[in-house]
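See below for entry_4.txt, which holds compact mmCIF, C-alpha atoms.
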# COMPACT_ATOMS: atom_id res chain seq x y z
CA MET A 1 13.29 -28.66 -7.56
CA GLU A 2 13.43 -26.39 -4.52
CA ASN A 3 11.30 -23.97 -6.45
CA ILE A 4 8.41 -26.32 -7.16
CA LYS A 5 8.61 -27.67 -3.62
CA ALA A 6 8.21 -24.14 -2.25
CA THR A 7 5.36 -23.38 -4.66
CA THR A 8 3.47 -26.51 -3.65
CA GLU A 9 4.01 -25.77 0.04
CA GLN A 10 2.68 -22.28 -0.58
CA LEU A 11 -0.41 -23.58 -2.37
CA ARG A 12 -1.08 -26.14 0.36
CA ALA A 13 -1.06 -23.37 2.94
CA GLU A 14 -3.31 -21.15 0.83
CA ALA A 15 -5.77 -24.00 0.21
CA ALA A 16 -6.15 -24.43 3.97
CA ILE A 17 -7.31 -20.82 4.57
CA GLN A 18 -10.82 -20.25 5.92
CA ARG A 19 -12.74 -17.88 3.65
CA LYS A 20 -15.78 -15.64 3.97
CA LYS A 21 -18.30 -14.89 1.27
CA VAL A 22 -18.06 -11.58 -0.59
CA SER A 23 -21.55 -10.69 0.68
CA GLU A 24 -20.36 -11.11 4.28
CA VAL A 25 -17.21 -9.02 3.93
CA SER A 26 -19.17 -6.38 1.97
CA LYS A 27 -21.61 -6.10 4.83
CA GLU A 28 -18.73 -5.65 7.27
CA LEU A 29 -17.09 -3.02 5.07
CA LEU A 30 -20.42 -1.17 4.84
CA GLU A 31 -20.90 -1.27 8.58
CA TYR A 32 -17.36 -0.01 9.18
CA CYS A 33 -17.83 2.95 6.82
CA GLU A 34 -21.22 3.87 8.30
CA LYS A 35 -19.96 3.60 11.88
CA ASN A 36 -16.98 5.88 11.22
CA LYS A 37 -18.73 8.31 8.87
CA GLY A 38 -19.15 11.03 11.51
CA GLY A 39 -15.42 11.32 12.16
CA ASP A 40 -14.51 11.27 8.49
CA LEU A 41 -14.11 14.99 7.75
CA LEU A 42 -13.65 14.44 4.02
CA VAL A 43 -16.98 12.62 3.81
CA SER A 44 -19.11 14.45 6.40
CA GLY A 45 -17.38 17.84 6.53
CA PRO A 46 -16.24 19.57 9.73
CA THR A 47 -18.50 19.16 12.77
CA ASN A 48 -19.05 21.54 15.69
CA GLU A 49 -16.42 19.90 17.86
CA SER A 50 -13.85 19.54 15.12
CA HIS A 51 -12.48 21.91 12.54
CA ASN A 52 -10.23 21.16 9.64
CA PRO A 53 -6.99 23.18 9.88
CA PHE A 54 -6.43 22.78 6.15
CA GLN A 55 -9.76 24.43 5.38
CA GLU A 56 -9.01 27.56 7.39
CA LYS A 57 -8.34 30.61 5.32
CA LYS A 58 -5.00 32.26 5.95
CA SER A 59 -6.58 35.71 5.58
CA CYS A 60 -8.98 35.36 8.50
CA ALA A 61 -6.95 38.03 10.36
CA VAL A 62 -8.86 40.62 8.31
CA LEU A 63 -12.04 39.70 10.16
CA MET B 1 -13.16 -26.61 3.66
CA SER B 2 -11.54 -28.43 6.56
CA GLY B 3 -11.87 -31.64 4.58
CA ASN B 4 -9.85 -30.08 1.81
CA ALA B 5 -7.17 -28.97 4.21
CA GLY B 6 -6.92 -32.46 5.70
CA GLU B 7 -6.66 -33.98 2.29
CA SER B 8 -3.81 -31.76 1.23
CA SER B 9 -1.83 -32.29 4.42
CA SER B 10 -2.20 -36.07 4.22
CA SER B 11 -1.06 -36.06 0.62
CA SER B 12 1.90 -33.92 1.63
CA LYS B 13 2.92 -36.54 4.19
CA MET B 14 2.66 -39.21 1.55
CA VAL B 15 4.93 -37.26 -0.74
CA GLU B 16 7.50 -36.63 1.94
CA ASN B 17 7.61 -40.32 2.92
CA SER B 18 8.44 -41.29 -0.61
CA GLN B 19 11.75 -39.40 -0.61
CA PRO B 20 13.60 -40.18 -3.84
CA THR B 21 16.90 -42.02 -3.81
CA THR B 22 17.63 -42.10 -7.54
CA THR B 23 17.23 -39.50 -10.26
CA GLU B 24 14.35 -41.50 -11.68
CA LYS B 25 12.54 -41.30 -8.40
CA GLY B 26 13.52 -37.64 -8.23
CA SER B 27 11.75 -36.86 -11.46
CA GLU B 28 8.77 -38.94 -10.34
CA TYR B 29 8.65 -36.91 -7.14
CA LEU B 30 8.91 -33.72 -9.11
CA GLU B 31 6.03 -34.76 -11.33
CA GLN B 32 3.97 -35.65 -8.30
CA LEU B 33 4.62 -32.21 -6.84
CA ALA B 34 3.76 -30.49 -10.11
CA ASN B 35 0.50 -32.41 -10.33
CA GLU B 36 -0.36 -31.56 -6.77
CA ALA B 37 0.38 -27.88 -7.40
CA GLU B 38 -1.86 -27.93 -10.48
CA GLU B 39 -4.69 -29.57 -8.51
CA LEU B 40 -4.32 -27.08 -5.66
CA ARG B 41 -4.45 -24.16 -8.09
CA LYS B 42 -7.69 -25.45 -9.58
CA LYS B 43 -9.17 -26.03 -6.14
CA LEU B 44 -8.19 -22.51 -5.03
CA ASP B 45 -9.76 -20.95 -8.10
CA GLN B 46 -12.99 -22.87 -7.52
CA GLU B 47 -13.13 -22.01 -3.83
CA ARG B 48 -12.56 -18.31 -4.48
CA HIS B 49 -15.10 -18.30 -7.28
CA LYS B 50 -17.75 -19.95 -5.09
CA LEU B 51 -17.50 -17.16 -2.51
CA ASN B 52 -18.17 -14.45 -5.06
CA ASP B 53 -21.92 -14.48 -4.37
CA ILE B 54 -23.21 -10.89 -4.26
CA PRO B 55 -21.20 -7.94 -5.58
CA ILE B 56 -20.40 -5.18 -3.07
CA GLN B 57 -22.21 -2.51 -5.12
CA GLN B 58 -25.42 -4.48 -4.69
CA ALA B 59 -24.92 -4.65 -0.94
CA ALA B 60 -24.30 -0.88 -1.01
CA GLU B 61 -27.51 -0.06 -2.89
CA ARG B 62 -29.36 0.91 0.27
CA LEU B 63 -26.68 3.48 1.19
CA ASP B 64 -27.22 7.16 0.45
CA VAL B 65 -25.19 8.59 -2.39
CA MET B 66 -22.38 10.84 -1.13
CA GLY B 67 -23.29 14.50 -1.51
CA ILE B 68 -21.04 17.33 -2.64
CA LEU B 69 -17.85 16.98 -0.61
CA GLY B 70 -16.34 20.45 -0.85
CA VAL B 71 -12.88 18.94 -1.17
CA LYS B 72 -10.56 21.26 -3.09
CA GLN B 73 -6.94 22.29 -3.31
CA ARG B 74 -5.96 24.07 -0.06
CA ARG B 75 -2.16 24.21 -0.18
CA ILE B 76 0.54 23.95 -2.78
CA LEU B 77 4.07 23.08 -1.71
CA LYS B 78 6.64 24.49 -4.12
CA GLY B 79 10.38 24.01 -3.82
CA HIS B 80 11.38 20.85 -5.65
CA VAL B 81 12.96 21.45 -9.05
CA GLY B 82 12.59 17.85 -10.20
CA LYS B 83 9.77 15.34 -10.36
CA VAL B 84 8.44 14.60 -6.90
CA LEU B 85 8.47 10.83 -6.51
CA CYS B 86 7.23 10.17 -3.00
CA MET B 87 5.74 11.82 0.08
CA ASP B 88 4.70 10.79 3.57
CA TRP B 89 2.75 12.39 6.42
CA SER B 90 4.11 12.81 9.91
CA LEU B 91 1.85 11.36 12.62
CA ASP B 92 1.57 14.97 13.92
CA LYS B 93 -0.89 15.40 10.98
CA ARG B 94 0.94 18.54 9.95
CA HIS B 95 4.40 17.84 8.56
CA ILE B 96 5.15 16.20 5.25
CA VAL B 97 8.35 14.73 3.85
CA SER B 98 8.87 14.52 0.09
CA SER B 99 11.63 13.27 -2.18
CA SER B 100 12.41 14.00 -5.80
CA GLN B 101 14.19 12.84 -8.88
CA ASP B 102 16.90 15.53 -8.52
CA GLY B 103 18.09 14.05 -5.22
CA LYS B 104 16.34 16.45 -2.83
CA VAL B 105 14.41 15.54 0.30
CA ILE B 106 12.27 18.29 1.84
CA VAL B 107 10.40 18.41 5.15
CA TRP B 108 7.41 20.77 5.00
CA ASP B 109 5.05 22.37 7.45
CA GLY B 110 1.76 21.53 5.76
CA PHE B 111 -0.17 24.27 7.58
CA THR B 112 2.12 27.16 6.60
CA THR B 113 3.76 25.56 3.48
CA ASN B 114 7.18 26.49 4.95
CA LYS B 115 10.19 24.29 4.26
CA GLU B 116 11.71 23.17 7.55
CA HIS B 117 14.53 21.05 6.16
CA ALA B 118 15.99 20.58 2.69
CA LEU B 119 18.53 17.81 2.20
CA THR B 120 20.56 16.91 -0.85
CA MET B 121 21.19 13.21 -1.21
CA PRO B 122 24.32 11.93 -2.98
CA THR B 123 22.30 10.17 -5.69
CA THR B 124 19.33 11.26 -7.79
CA TRP B 125 15.96 9.46 -7.99
CA VAL B 126 15.08 9.36 -4.31
CA MET B 127 12.12 7.07 -4.93
CA ALA B 128 11.01 6.56 -1.34
CA CYS B 129 10.77 8.57 1.84
CA ALA B 130 9.05 8.07 5.19
CA PHE B 131 8.49 9.83 8.50
CA SER B 132 9.25 7.88 11.67
CA PRO B 133 6.37 7.42 14.18
CA SER B 134 7.98 9.90 16.61
CA SER B 135 8.44 12.43 13.75
CA GLN B 136 12.07 12.79 14.91
CA MET B 137 13.54 11.00 11.95
CA ILE B 138 13.07 10.45 8.23
CA ALA B 139 14.10 7.57 6.02
CA CYS B 140 14.80 7.80 2.30
CA GLY B 141 16.51 6.10 -0.61
CA GLY B 142 16.09 4.94 -4.17
CA LEU B 143 18.51 4.35 -6.99
CA ASP B 144 21.36 4.12 -4.49
CA ASN B 145 19.85 0.74 -3.47
CA LYS B 146 19.98 1.95 0.11
CA CYS B 147 17.70 3.17 2.83
CA SER B 148 19.22 5.93 4.94
CA VAL B 149 17.86 7.64 8.02
CA VAL B 150 18.37 11.25 9.04
CA PRO B 151 17.47 12.45 12.55
CA LEU B 152 15.63 15.79 12.38
CA SER B 153 16.86 18.68 14.48
CA PHE B 154 17.41 22.37 13.94
CA GLU B 155 21.18 22.10 14.29
CA ASP B 156 23.30 22.91 11.27
CA ASP B 157 23.78 20.37 8.56
CA ILE B 158 21.67 17.44 9.72
CA ILE B 159 22.73 15.60 6.55
CA GLN B 160 26.02 14.91 8.39
CA LYS B 161 24.02 12.68 10.72
CA LYS B 162 22.72 10.53 7.87
CA ARG B 163 23.15 6.79 8.41
CA GLN B 164 22.70 3.86 6.06
CA VAL B 165 20.36 1.27 7.46
CA ALA B 166 19.46 -1.03 4.59
CA THR B 167 21.04 -2.24 1.38
CA HIS B 168 19.30 -4.07 -1.44
CA THR B 169 20.80 -5.49 -4.62
CA SER B 170 18.63 -3.20 -6.72
CA TYR B 171 16.84 0.12 -6.23
CA MET B 172 14.72 0.68 -3.13
CA SER B 173 11.19 1.51 -4.29
CA CYS B 174 9.38 1.98 -0.98
CA CYS B 175 9.98 2.16 2.75
CA THR B 176 8.02 2.62 5.93
CA PHE B 177 8.77 2.50 9.63
CA LEU B 178 7.30 -0.48 11.39
CA ARG B 179 5.49 0.62 14.59
CA SER B 180 8.62 2.22 16.10
CA ASP B 181 11.54 4.41 15.09
CA ASN B 182 13.72 1.36 15.34
CA LEU B 183 12.38 -0.88 12.57
CA ILE B 184 12.17 -0.14 8.85
CA LEU B 185 10.39 -2.17 6.22
CA THR B 186 11.71 -1.77 2.66
CA GLY B 187 10.68 -3.01 -0.79
CA SER B 188 13.03 -3.25 -3.72
CA GLY B 189 13.56 -3.80 -7.43
CA ASP B 190 15.43 -6.94 -6.38
CA SER B 191 11.91 -8.42 -5.85
CA THR B 192 12.28 -8.75 -2.08
CA CYS B 193 11.07 -6.91 0.99
CA ALA B 194 13.05 -6.73 4.21
CA ILE B 195 12.88 -5.53 7.80
CA TRP B 196 15.94 -3.78 9.24
CA ASP B 197 17.04 -2.68 12.67
CA VAL B 198 17.58 1.08 12.44
CA GLU B 199 20.16 1.25 15.20
CA SER B 200 22.45 -1.55 14.05
CA GLY B 201 21.54 -1.69 10.37
CA GLN B 202 21.05 -5.43 10.71
CA LEU B 203 18.67 -7.40 8.53
CA ILE B 204 15.95 -8.79 10.79
CA GLN B 205 13.82 -10.65 8.25
CA ASN B 206 13.58 -10.86 4.50
CA PHE B 207 10.65 -11.78 2.32
CA HIS B 208 11.10 -13.75 -0.90
CA GLY B 209 8.14 -14.59 -3.09
CA HIS B 210 7.56 -11.89 -5.68
CA THR B 211 8.71 -12.73 -9.18
CA GLY B 212 9.26 -9.11 -10.19
CA ASP B 213 10.17 -5.69 -8.80
CA VAL B 214 8.36 -4.70 -5.61
CA PHE B 215 6.81 -1.23 -6.00
CA ALA B 216 4.68 -0.79 -2.90
CA ILE B 217 4.22 -1.96 0.67
CA ASP B 218 1.77 -1.14 3.44
CA VAL B 219 1.26 -1.97 7.09
CA PRO B 220 -2.25 -1.98 8.64
CA LYS B 221 -3.06 1.06 10.79
CA CYS B 222 -4.98 -0.81 13.47
CA ASP B 223 -1.90 -2.87 13.88
CA THR B 224 -2.08 -6.28 15.44
CA GLY B 225 1.54 -6.38 14.49
CA ASN B 226 1.97 -9.42 12.40
CA THR B 227 1.32 -8.76 8.72
CA PHE B 228 2.06 -6.43 5.85
CA ILE B 229 1.27 -6.39 2.13
CA SER B 230 3.47 -5.84 -0.88
CA ALA B 231 2.80 -5.56 -4.60
CA GLY B 232 4.65 -4.90 -7.81
CA ALA B 233 5.60 -5.85 -11.34
CA ASP B 234 4.37 -9.45 -11.04
CA LYS B 235 0.76 -8.11 -10.77
CA HIS B 236 0.26 -9.90 -7.47
CA SER B 237 -0.31 -8.56 -3.97
CA LEU B 238 1.21 -10.72 -1.27
CA VAL B 239 0.37 -10.81 2.41
CA TRP B 240 3.30 -11.68 4.66
CA ASP B 241 3.71 -13.03 8.16
CA ILE B 242 6.30 -10.69 9.67
CA ARG B 243 7.68 -13.16 12.20
CA SER B 244 8.06 -16.20 9.99
CA GLY B 245 8.88 -14.34 6.75
CA GLN B 246 6.32 -16.52 4.95
CA CYS B 247 3.83 -15.36 2.37
CA VAL B 248 0.40 -16.29 3.76
CA GLN B 249 -1.94 -15.03 1.03
CA SER B 250 -1.62 -14.08 -2.60
CA PHE B 251 -4.07 -11.94 -4.59
CA GLU B 252 -4.40 -11.64 -8.34
CA GLY B 253 -6.59 -9.70 -10.72
CA HIS B 254 -4.55 -6.83 -12.13
CA GLU B 255 -3.45 -7.04 -15.73
CA ALA B 256 -0.30 -4.94 -15.37
CA ASP B 257 2.21 -3.66 -12.78
CA ILE B 258 0.76 -2.72 -9.39
CA ASN B 259 2.20 0.66 -8.39
CA THR B 260 0.52 1.31 -5.07
CA VAL B 261 -1.19 -0.52 -2.24
CA ARG B 262 -3.02 0.73 0.89
CA PHE B 263 -4.87 -1.02 3.68
CA HIS B 264 -8.51 -0.16 4.28
CA PRO B 265 -8.81 1.46 7.74
CA ASN B 266 -10.54 -1.71 8.99
CA GLY B 267 -7.28 -3.58 8.38
CA ASP B 268 -8.99 -6.50 6.63
CA ALA B 269 -9.19 -5.16 3.10
CA PHE B 270 -6.79 -3.27 0.87
CA ALA B 271 -6.81 -1.25 -2.34
CA THR B 272 -4.32 -1.33 -5.18
CA GLY B 273 -3.62 0.88 -8.19
CA SER B 274 -2.08 -0.36 -11.40
CA ASP B 275 -0.71 0.43 -14.85
CA ASP B 276 -3.87 -1.30 -16.14
CA ALA B 277 -5.73 1.97 -15.24
CA THR B 278 -7.81 0.31 -12.52
CA CYS B 279 -7.93 0.36 -8.75
CA ARG B 280 -9.08 -2.80 -7.04
CA LEU B 281 -10.34 -3.75 -3.62
CA PHE B 282 -9.24 -7.07 -2.13
CA ASP B 283 -10.34 -8.60 1.13
CA LEU B 284 -8.16 -10.82 3.29
CA ARG B 285 -11.12 -12.69 4.79
CA ALA B 286 -12.71 -13.41 1.43
CA ASP B 287 -9.23 -14.18 0.09
CA ARG B 288 -10.12 -12.54 -3.22
CA GLN B 289 -10.82 -9.42 -5.23
CA VAL B 290 -14.03 -7.70 -4.15
CA CYS B 291 -14.31 -4.78 -6.55
CA VAL B 292 -12.75 -3.07 -9.58
CA TYR B 293 -12.78 0.72 -9.86
CA GLU B 294 -12.62 1.45 -13.56
CA LYS B 295 -14.13 3.58 -16.30
CA GLU B 296 -13.84 3.27 -20.02
CA SER B 297 -12.62 6.87 -20.22
CA ILE B 298 -9.76 6.25 -17.78
CA LEU B 299 -6.72 4.98 -19.63
CA PHE B 300 -3.83 6.08 -17.46
CA PRO B 301 -1.90 4.30 -14.71
CA VAL B 302 -2.80 4.68 -11.06
CA ASN B 303 0.27 5.65 -9.04
CA GLY B 304 -1.21 6.38 -5.62
CA VAL B 305 -4.29 5.25 -3.68
CA ASP B 306 -5.57 5.89 -0.18
CA PHE B 307 -8.83 5.77 1.78
CA SER B 308 -10.63 8.47 3.72
CA LEU B 309 -10.79 7.86 7.48
CA SER B 310 -13.97 5.76 7.34
CA GLY B 311 -12.95 3.95 4.18
CA ARG B 312 -15.92 5.31 2.21
CA ILE B 313 -13.79 7.29 -0.25
CA LEU B 314 -10.95 5.82 -2.23
CA PHE B 315 -8.70 8.56 -3.61
CA ALA B 316 -6.62 7.62 -6.64
CA GLY B 317 -3.83 9.64 -8.27
CA TYR B 318 -3.50 9.03 -12.00
CA GLY B 319 -0.98 9.46 -14.78
CA ASP B 320 -3.46 11.86 -16.43
CA TYR B 321 -2.70 14.44 -13.67
CA ARG B 322 -6.05 13.97 -11.90
CA VAL B 323 -7.18 12.68 -8.54
CA GLY B 324 -10.20 10.40 -8.83
CA VAL B 325 -12.60 10.35 -5.87
CA TRP B 326 -14.27 6.93 -5.80
CA ASP B 327 -17.16 5.77 -3.68
CA SER B 328 -15.47 2.60 -2.44
CA LEU B 329 -18.78 0.86 -1.69
CA LYS B 330 -20.94 1.80 -4.65
CA CYS B 331 -17.88 1.41 -6.87
CA VAL B 332 -18.54 4.55 -8.89
CA ARG B 333 -16.41 7.63 -9.41
CA HIS B 334 -17.88 10.45 -7.35
CA SER B 335 -15.79 13.35 -8.64
CA VAL B 336 -12.40 14.45 -9.92
CA LEU B 337 -9.85 16.85 -8.40
CA TYR B 338 -7.99 18.97 -10.94
CA GLY B 339 -4.81 20.93 -10.33
CA HIS B 340 -1.64 18.99 -11.11
CA GLU B 341 0.12 19.70 -14.36
CA ASN B 342 1.91 16.39 -14.75
CA ARG B 343 1.47 12.80 -13.63
CA ILE B 344 0.74 12.11 -9.98
CA SER B 345 3.39 9.89 -8.43
CA CYS B 346 2.12 9.40 -4.89
CA LEU B 347 -0.99 10.04 -2.78
CA ARG B 348 -1.63 9.81 0.95
CA THR B 349 -4.46 10.67 3.34
CA SER B 350 -3.31 12.47 6.50
CA PRO B 351 -3.28 10.28 9.64
CA ASP B 352 -6.44 11.93 11.06
CA GLY B 353 -8.20 12.04 7.71
CA THR B 354 -8.39 15.83 7.49
CA ALA B 355 -6.67 16.05 4.11
CA VAL B 356 -5.26 14.21 1.14
CA CYS B 357 -1.81 14.96 -0.19
CA SER B 358 -0.58 14.26 -3.70
CA ALA B 359 2.92 14.49 -5.18
CA SER B 360 3.53 14.99 -8.86
CA TRP B 361 6.02 15.13 -11.68
CA ASP B 362 4.99 18.82 -11.98
CA CYS B 363 7.46 19.41 -9.08
CA THR B 364 4.68 20.29 -6.63
CA ILE B 365 2.91 18.66 -3.73
CA ARG B 366 -0.73 19.62 -3.20
CA ILE B 367 -2.97 19.28 -0.18
CA TRP B 368 -6.70 18.75 -0.75
CA ALA B 369 -9.31 19.13 1.97

Would you encode the structure as structure tokens?
Amino acid sequence: MENIKATTEQLRAEAAIQRKKVSEVSKELLEYCEKNKGGDLLVSGPTNESHNPFQEKKSCAVL
Amino acid sequence: MSGNAGESSSSSKMVENSQPTTTEKGSEYLEQLANEAEELRKKLDQERHKLNDIPIQQAAERLDVMGILGVKQRRILKGHVGKVLCMDWSLDKRHIVSSSQDGKVIVWDGFTTNKEHALTMPTTWVMACAFSPSSQMIACGGLDNKCSVVPLSFEDDIIQKKRQVATHTSYMSCCTFLRSDNLILTGSGDSTCAIWDVESGQLIQNFHGHTGDVFAIDVPKCDTGNTFISAGADKHSLVWDIRSGQCVQSFEGHEADINTVRFHPNGDAFATGSDDATCRLFDLRADRQVCVYEKESILFPVNGVDFSLSGRILFAGYGDYRVGVWDSLKCVRHSVLYGHENRISCLRTSPDGTAVCSASWDCTIRIWA
């Protein structure tokens, strides 16, 4: 009894949610990725201002 | 949409007004509720289906293909003698904590690969570990059903300072600090999640709603402070309101256990990995699945997923020892990282996105950059 009451309550709440189309959220995801691409070292590689400490060779003392 | 909402709330009032007084009325009421639930389920399915207009890969067609990334294995952390089950980055982007099946918890310097602390827990299968936001403390636990914290210092025997914060009625599968060193969020095989006060060990809020073991939780990075997601054996991902303890959204799609869940850096979408050999992208605003990352040749479970800093790459650690590098927008696999010699159990991008770390049953932790 309590169980089905809770389930129905849950469904009522979920049915009342405002939703966006997949095309809209896709566009927003695309824009987010493009906007932040420059700072994403794994996508764009290290830039002049930034270096990746994990890509430094330990043997650079030889140079 | 709003019409639908109005309809359901008015019908709920009607139902509540007709409170049953006899068992006959009780069963009538029950039937009414069951019918309403059935109707709502249908309506939800229809609504979600309607919004699935253009697939994300079509929207991403105009984007350039990602070039060669140059990501390869840069560090290997050796020291565990059992399967490594979990790892977490410190917010200092350098230190890593890991826990293993033989009961060990190790804190590493990721730059030098040195071990800074090695703790032996009283029980084996330490399934979860986490760094606190200040990096001054770690949390861990597993088959002991407990979450314990240990303050990190270079005094002797820090294990003596270990404190129990949380107790579940089954194993603890995952834990993470919640915005401060003083709150911990845990997920458990008892199918609940809970928030605990670190100082007092008091339960602050618990979260009931899953119908199976909880395997993974995540909190959004750009934290507005009010939600988290959890997923597990019931194949569903649930979004929770932290203050009220209520489940506010539920996502389905996976065909088997969900082992891992991570928010997209935008905080509005999240990725999951499952025993059904797929990763999936869900969006909170669309209230549905947006994409499936799968290939016919991939047959093994996904045990860890995480995004690159911009969200473009989705890294996935598989049971076939490999890390898959997916283009999250074009929904294709870009490349594969080879190195591990047994199944990958956990995978995390560093907080600044400079590296990806994977933990494995081969007893090692590897850093890729």

Chain B near chain A within 7 Å: what's each residue's closest atom pair and its distance in Å to one decimal, counting all atoms listed in the file, ordered by chain then ascending residue number, as CSV?
residue,atom,partner,partner_atom,distance
B:Ala5,CA,A:Ala16,CA,4.7
B:Ser8,CA,A:Arg12,CA,6.3
B:Leu30,CA,A:Met1,CA,6.9
B:Leu33,CA,A:Thr8,CA,6.6
B:Ala34,CA,A:Ile4,CA,6.9
B:Ala37,CA,A:Thr8,CA,5.0
B:Leu40,CA,A:Leu11,CA,6.2
B:Leu44,CA,A:Ala15,CA,6.0
B:Leu51,CA,A:Lys21,CA,4.5
B:Asn52,CA,A:Val22,CA,5.3
B:Asp53,CA,A:Val22,CA,6.1
B:Ile54,CA,A:Ser23,CA,5.2
B:Pro55,CA,A:Ser23,CA,6.8
B:Ile56,CA,A:Ser26,CA,5.3
B:Ala59,CA,A:Ser26,CA,6.7
B:Leu69,CA,A:Val43,CA,6.3
B:Val71,CA,A:Leu42,CA,6.9
B:Arg74,CA,A:Phe54,CA,6.4
B:Phe111,CA,A:Phe54,CA,6.6
B:Val248,CA,A:Glu14,CA,6.8
B:Gln249,CA,A:Glu14,CA,6.3
B:Arg285,CA,A:Arg19,CA,5.6
B:Ala286,CA,A:Lys20,CA,4.6
B:Asp287,CA,A:Arg19,CA,6.2
B:Val290,CA,A:Val22,CA,6.6
B:Ser308,CA,A:Leu42,CA,6.7
B:Leu309,CA,A:Asp40,CA,5.1
B:Ser310,CA,A:Cys33,CA,4.8
B:Gly311,CA,A:Cys33,CA,5.6
B:Arg312,CA,A:Cys33,CA,5.5
B:Gly353,CA,A:Asp40,CA,6.4
B:Thr354,CA,A:Leu41,CA,5.8
B:Ala369,CA,A:Phe54,CA,6.3

Selected residue, from B:Gly267, B:Gly304, B:Gly232, B:Gly245, that lies nearest to Ala194 (chain B) when counting only C-alpha atoms: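 Residue with the minimum atom-to-atom distance to Ala194 (chain B): B:Gly245.
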
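Here CA of Gly103 (chain B) is placed at a distance of 23.4 Å from CA of Asp181 (chain B).
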
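CA of Ile344 (chain B) is positioned 17.5 Å from CA of Glu294 (chain B).
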
Would you mind reading off the distance between CA of Thr364 (chain B) and CA of Ile106 (chain B), one decimal, in Å? 11.5 Å
